[in-house]
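Text of entry-v7.tsv, listed as TSV, C-alpha atoms and all ligand atoms:
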```tsv
chain	number	residue	atom	x	y	z
I	1	MET	CA	80.30	126.91	128.99
I	2	LYS	CA	79.51	123.51	130.35
I	3	LYS	CA	83.02	122.47	129.51
I	4	LEU	CA	85.98	124.06	127.75
I	5	GLU	CA	89.12	122.11	126.99
I	6	ILE	CA	92.17	123.66	125.40
I	7	SER	CA	95.24	121.76	124.31
I	8	LEU	CA	98.44	122.86	122.62
I	9	PRO	CA	100.78	120.79	120.44
I	10	ARG	CA	102.80	118.17	122.25
I	11	ASN	CA	105.87	119.67	123.96
I	12	GLU	CA	104.50	123.18	123.66
I	13	ARG	CA	103.93	124.92	126.95
I	14	ASP	CA	102.53	128.40	126.83
I	15	ASP	CA	100.27	129.31	129.72
I	16	GLU	CA	99.71	132.78	128.34
I	17	LEU	CA	98.46	131.40	125.03
I	18	VAL	CA	96.09	128.99	126.79
I	19	ARG	CA	94.77	131.85	128.92
I	20	ASP	CA	94.35	134.07	125.86
I	21	ILE	CA	92.46	131.35	123.97
I	22	LYS	CA	90.17	130.93	126.97
I	23	ASP	CA	89.55	134.68	127.28
I	24	ALA	CA	89.02	135.10	123.54
I	25	THR	CA	86.60	132.14	123.43
I	26	GLN	CA	84.57	133.76	126.19
I	27	LEU	CA	84.59	137.15	124.49
I	28	PHE	CA	83.56	135.70	121.11
I	29	LEU	CA	80.76	133.58	122.57
I	30	ASN	CA	79.43	136.57	124.51
I	31	GLU	CA	79.20	138.43	121.21
I	32	LEU	CA	77.55	135.49	119.45
I	33	MET	CA	75.02	134.04	121.88
I	34	SER	CA	73.28	134.21	125.23
I	35	LYS	CA	74.89	132.93	128.43
I	36	ARG	CA	72.10	130.41	128.65
I	37	LEU	CA	73.01	128.86	125.33
I	38	GLN	CA	76.73	128.98	126.16
I	39	ASN	CA	76.05	126.97	129.30
I	40	THR	CA	74.83	124.02	127.24
I	41	LEU	CA	78.06	123.73	125.23
I	42	LYS	CA	81.05	121.46	125.50
I	43	ILE	CA	83.92	122.77	123.42
I	44	LYS	CA	87.32	121.22	122.81
I	45	ILE	CA	89.96	123.39	121.19
I	46	HIS	CA	93.09	121.70	119.93
I	47	VAL	CA	95.97	123.72	118.55
I	48	ARG	CA	98.05	121.41	116.40
I	49	LYS	CA	101.11	121.49	114.18
I	50	THR	CA	99.69	118.91	111.80
I	51	THR	CA	100.27	119.37	108.12
I	52	VAL	CA	97.45	117.00	107.31
I	53	LYS	CA	94.56	119.36	106.85
I	54	LYS	CA	92.04	116.95	105.40
I	55	GLY	CA	88.55	118.39	105.41
I	56	TRP	CA	89.73	121.82	106.49
I	57	GLY	CA	88.40	124.93	104.87
I	58	LYS	CA	90.55	126.07	102.00
I	59	ASP	CA	91.02	129.59	103.21
I	60	CYS	CA	91.29	129.12	106.90
I	61	GLY	CA	93.71	127.68	109.38
I	62	GLY	CA	91.23	125.57	111.23
I	63	VAL	CA	88.32	123.19	111.16
I	64	HIS	CA	85.18	122.82	113.20
I	65	LEU	CA	83.84	119.34	113.90
I	66	ALA	CA	80.42	118.36	115.20
I	67	ASP	CA	78.40	115.28	114.37
I	68	PRO	CA	75.49	116.01	112.03
I	69	MET	CA	72.34	115.79	114.14
I	70	GLY	CA	69.71	117.48	112.02
I	71	SER	CA	67.34	119.73	113.93
I	72	LYS	CA	68.69	118.53	117.25
I	73	PRO	CA	71.39	121.09	118.01
I	74	ASN	CA	74.70	119.45	118.67
I	75	LYS	CA	76.20	120.56	122.00
I	76	GLU	CA	79.58	118.95	121.53
I	77	HIS	CA	82.06	120.77	119.37
I	78	LYS	CA	85.65	120.22	118.49
I	79	ILE	CA	87.84	122.88	116.94
I	80	LEU	CA	91.25	122.20	115.42
I	81	ILE	CA	93.52	125.15	114.80
I	82	HIS	CA	96.79	125.09	112.96
I	83	TYR	CA	99.64	126.33	115.15
I	84	GLY	CA	101.20	128.39	112.37
I	85	THR	CA	98.07	130.37	111.61
I	86	ASN	CA	96.51	133.46	113.18
I	87	ILE	CA	95.08	131.51	116.10
I	88	MET	CA	92.63	134.10	117.45
I	89	SER	CA	91.20	134.97	114.06
I	90	THR	CA	90.76	131.29	113.20
I	91	LEU	CA	89.22	130.67	116.61
I	92	ALA	CA	86.67	133.41	115.92
I	93	HIS	CA	85.82	131.82	112.56
I	94	GLU	CA	85.32	128.36	114.01
I	95	LEU	CA	83.24	129.65	116.94
I	96	VAL	CA	80.87	131.27	114.45
I	97	HIS	CA	80.20	127.71	113.23
I	98	VAL	CA	79.53	126.66	116.84
I	99	TYR	CA	77.01	129.50	117.10
I	100	GLN	CA	75.36	128.54	113.78
I	101	ILE	CA	74.86	124.96	114.92
I	102	ALA	CA	73.92	125.75	118.52
I	103	THR	CA	71.17	128.09	117.32
I	104	LYS	CA	70.11	125.60	114.60
I	105	LYS	CA	70.65	128.26	111.95
I	106	TYR	CA	72.86	125.67	110.27
I	107	GLN	CA	71.74	122.06	110.27
I	108	GLN	CA	73.38	118.99	108.79
I	109	ARG	CA	71.78	115.59	108.50
I	110	PHE	CA	72.34	112.32	106.75
I	111	TRP	CA	69.22	111.42	104.80
I	112	LYS	CA	68.00	107.86	105.15
I	113	SER	CA	66.89	107.80	101.53
I	114	ASP	CA	70.33	108.44	99.99
I	115	GLY	CA	72.70	108.17	102.95
I	116	GLN	CA	74.20	111.54	102.03
I	117	LEU	CA	74.85	114.67	104.02
I	118	HIS	CA	72.26	117.37	103.43
I	119	VAL	CA	72.34	120.89	104.79
I	120	ARG	CA	69.75	123.38	105.87
I	121	TRP	CA	70.45	127.07	106.36
I	122	ASN	CA	68.03	129.50	108.01
I	123	GLY	CA	65.24	126.94	107.68
I	124	LYS	CA	65.88	126.41	103.97
I	125	GLU	CA	66.94	123.08	102.50
I	126	LEU	CA	70.09	123.58	100.42
I	127	GLY	CA	70.66	120.00	99.29
I	128	LEU	CA	73.88	118.02	99.37
I	129	LYS	CA	76.67	119.71	101.28
I	130	GLU	CA	79.39	118.51	98.93
I	131	LYS	CA	77.61	120.06	95.93
I	132	ILE	CA	77.90	123.56	97.35
I	133	PRO	CA	81.25	125.18	96.50
I	134	TYR	CA	83.16	126.29	99.59
I	135	ARG	CA	82.94	130.00	98.85
I	136	GLN	CA	79.22	129.81	98.19
I	137	ARG	CA	78.39	128.18	101.49
I	138	PRO	CA	76.31	130.70	103.46
I	139	TRP	CA	77.72	129.47	106.77
I	140	GLU	CA	81.25	130.15	105.49
I	141	ILE	CA	80.31	133.56	104.16
I	142	GLU	CA	78.92	134.47	107.57
I	143	ALA	CA	81.95	133.03	109.37
I	144	PHE	CA	84.40	135.02	107.23
I	145	ASP	CA	82.34	138.15	107.71
I	146	LEU	CA	82.09	137.88	111.51
I	147	GLN	CA	85.62	136.56	112.04
I	148	ASP	CA	87.27	139.93	111.42
I	149	LYS	CA	84.73	141.83	113.51
I	150	LEU	CA	85.21	139.47	116.43
I	151	HIS	CA	88.96	139.45	116.03
I	152	SER	CA	89.16	143.24	116.19
I	153	LYS	CA	87.16	143.18	119.44
I	154	TRP	CA	89.76	140.83	120.85
I	155	LYS	CA	92.58	143.09	119.70
I	156	SER	CA	90.96	146.13	121.34
I	157	LYS	CA	90.60	144.20	124.58
I	158	LEU	CA	94.24	143.16	124.46
I	159	ILE	CA	95.45	146.69	123.72
I	160	ASN	CA	93.41	148.04	126.64
I	161	GLN	CA	94.92	145.44	128.93
I	162	MET	CA	98.44	146.24	127.78
I	163	TYR	CA	97.82	149.95	128.21
I	164	LEU	CA	96.47	149.39	131.72
I	165	ILE	CA	99.47	147.31	132.74
I	166	SER	CA	101.98	149.86	131.47
I	167	LYS	CA	100.08	152.61	133.25
I	168	GLN	CA	100.17	150.68	136.52
I	169	GLN	CA	103.87	150.06	136.14
I	170	ALA	CA	104.50	153.71	135.43
I	171	GLU	CA	102.56	154.65	138.55
I	172	GLN	CA	104.43	152.17	140.69
I	173	SER	CA	107.80	153.43	139.60
I	174	ALA	CA	106.77	157.09	140.03
U	201	ZN	ZN	84.50	127.75	108.10
```

Go ahead and express the file in the form of structure tokens.
Ligand SMILES: [Zn+2]
Amino acid sequence: MKKLEISLPRNERDDELVRDIKDATQLFLNELMSKRLQNTLKIKIHVRKTTVKKGWGKDCGGVHLADPMGSKPNKEHKILIHYGTNIMSTLAHELVHVYQIATKKYQQRFWKSDGQLHVRWNGKELGLKEKIPYRQRPWEIEAFDLQDKLHSKWKSKLINQMYLISKQQAEQSA
């Protein structure tokens, strides 16, 4: 990535969590896109305790923010994750949206004619974003689908690491 910023809620200090978020972000992006594309991205990840979840997806513990730029792929992404949620699974979901926008699969633009936000998916104009019910949004369907697959890759990686550490410790004490 060009830039990756991670921040936890105020007064929370958890170096392990920050490191895990960084590792998981890298793992998920490797699954989703080329290194070349990753290197163009600036991503800010904020874990927050906020209860104000305005504009957040109904069924997820996070939100992805990027300015609508039409066919120009937005390189700057902000992800907010609720502290009380499954952070890694939510992170995977929101990074799928980063992938969709970075590859231009998902495009959002304000039309000059009506001043409203229109969306395009896989090259097809879908009309006004707000008119599409959340669960019928193809970018959400894809994000929910890939989120679990990505999350289980992260869990396997973590289990392998834990297994390796316990093996090393067993060897050292032998
Ligand atoms: Zn979503």

Item to complete: Return the single residue from I:Leu65, I:Arg36, I:Gln26, I:Thr85 that is closest to Thr50 (chain I), with distances computed using all atoms listed in the file.
Response: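 That would be I:Thr85, the residue with the smallest distance to Thr50 (chain I).
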
Worksheet item: Which is closest to ligand ZN 201 (chain U) among I:Lys72, I:Lys129, I:His77, I:Arg137, if we use only C-alpha atoms and all ligand atoms?
Response: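 Looking only at the distances to ligand ZN 201 (chain U), the closest residue turns out to be I:Arg137.
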
As a quick test: using all atoms listed in the file, which residues lie no more than 7 Å away from ligand ZN 201 (chain U)? Give them as an mmCIF file with C-alpha atoms, keeping the file's coordinate frame.
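Just written: pocket.cif:
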```cif
data_model
loop_
_atom_site.group_PDB
_atom_site.id
_atom_site.type_symbol
_atom_site.label_atom_id
_atom_site.label_comp_id
_atom_site.auth_asym_id
_atom_site.auth_seq_id
_atom_site.Cartn_x
_atom_site.Cartn_y
_atom_site.Cartn_z
ATOM 1 C CA GLY I 57 88.400 124.930 104.870
ATOM 2 C CA VAL I 63 88.320 123.190 111.160
ATOM 3 C CA HIS I 93 85.820 131.820 112.560
ATOM 4 C CA GLU I 94 85.320 128.360 114.010
ATOM 5 C CA HIS I 97 80.200 127.710 113.230
ATOM 6 C CA GLU I 140 81.250 130.150 105.490
ATOM 7 C CA ALA I 143 81.950 133.030 109.370
#
```

Discussion item. When you look at Lys75 (chain I) with a cut-off of 10 Å (counting all atoms listed in the file), what residues show up, excluding the ones that are within fewer than 2 positions of it in the same chain? I need them as an MDAnalysis selection string.
Written reply: chainID I and resid 2 37:43 66:67 69 72:73 77 98 101:102

Discussion item. So that I can check the surroundings of His82 (chain I), please list as an NGL selection string every protein, DNA and RNA residue that reaches within 8 Å of it, counting only C-alpha atoms and ignoring chain neighbours fewer than 6 positions away.
Written reply: :I and (47-50 or 61-62)

Worksheet item: Which is closer to Glu125 (chain I) than all the others in I:Lys44, I:Arg19, I:Arg109, I:His64, using only C-alpha atoms?
Response: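 Using only C-alpha atoms, the shortest distance to Glu125 (chain I) belongs to I:Arg109.
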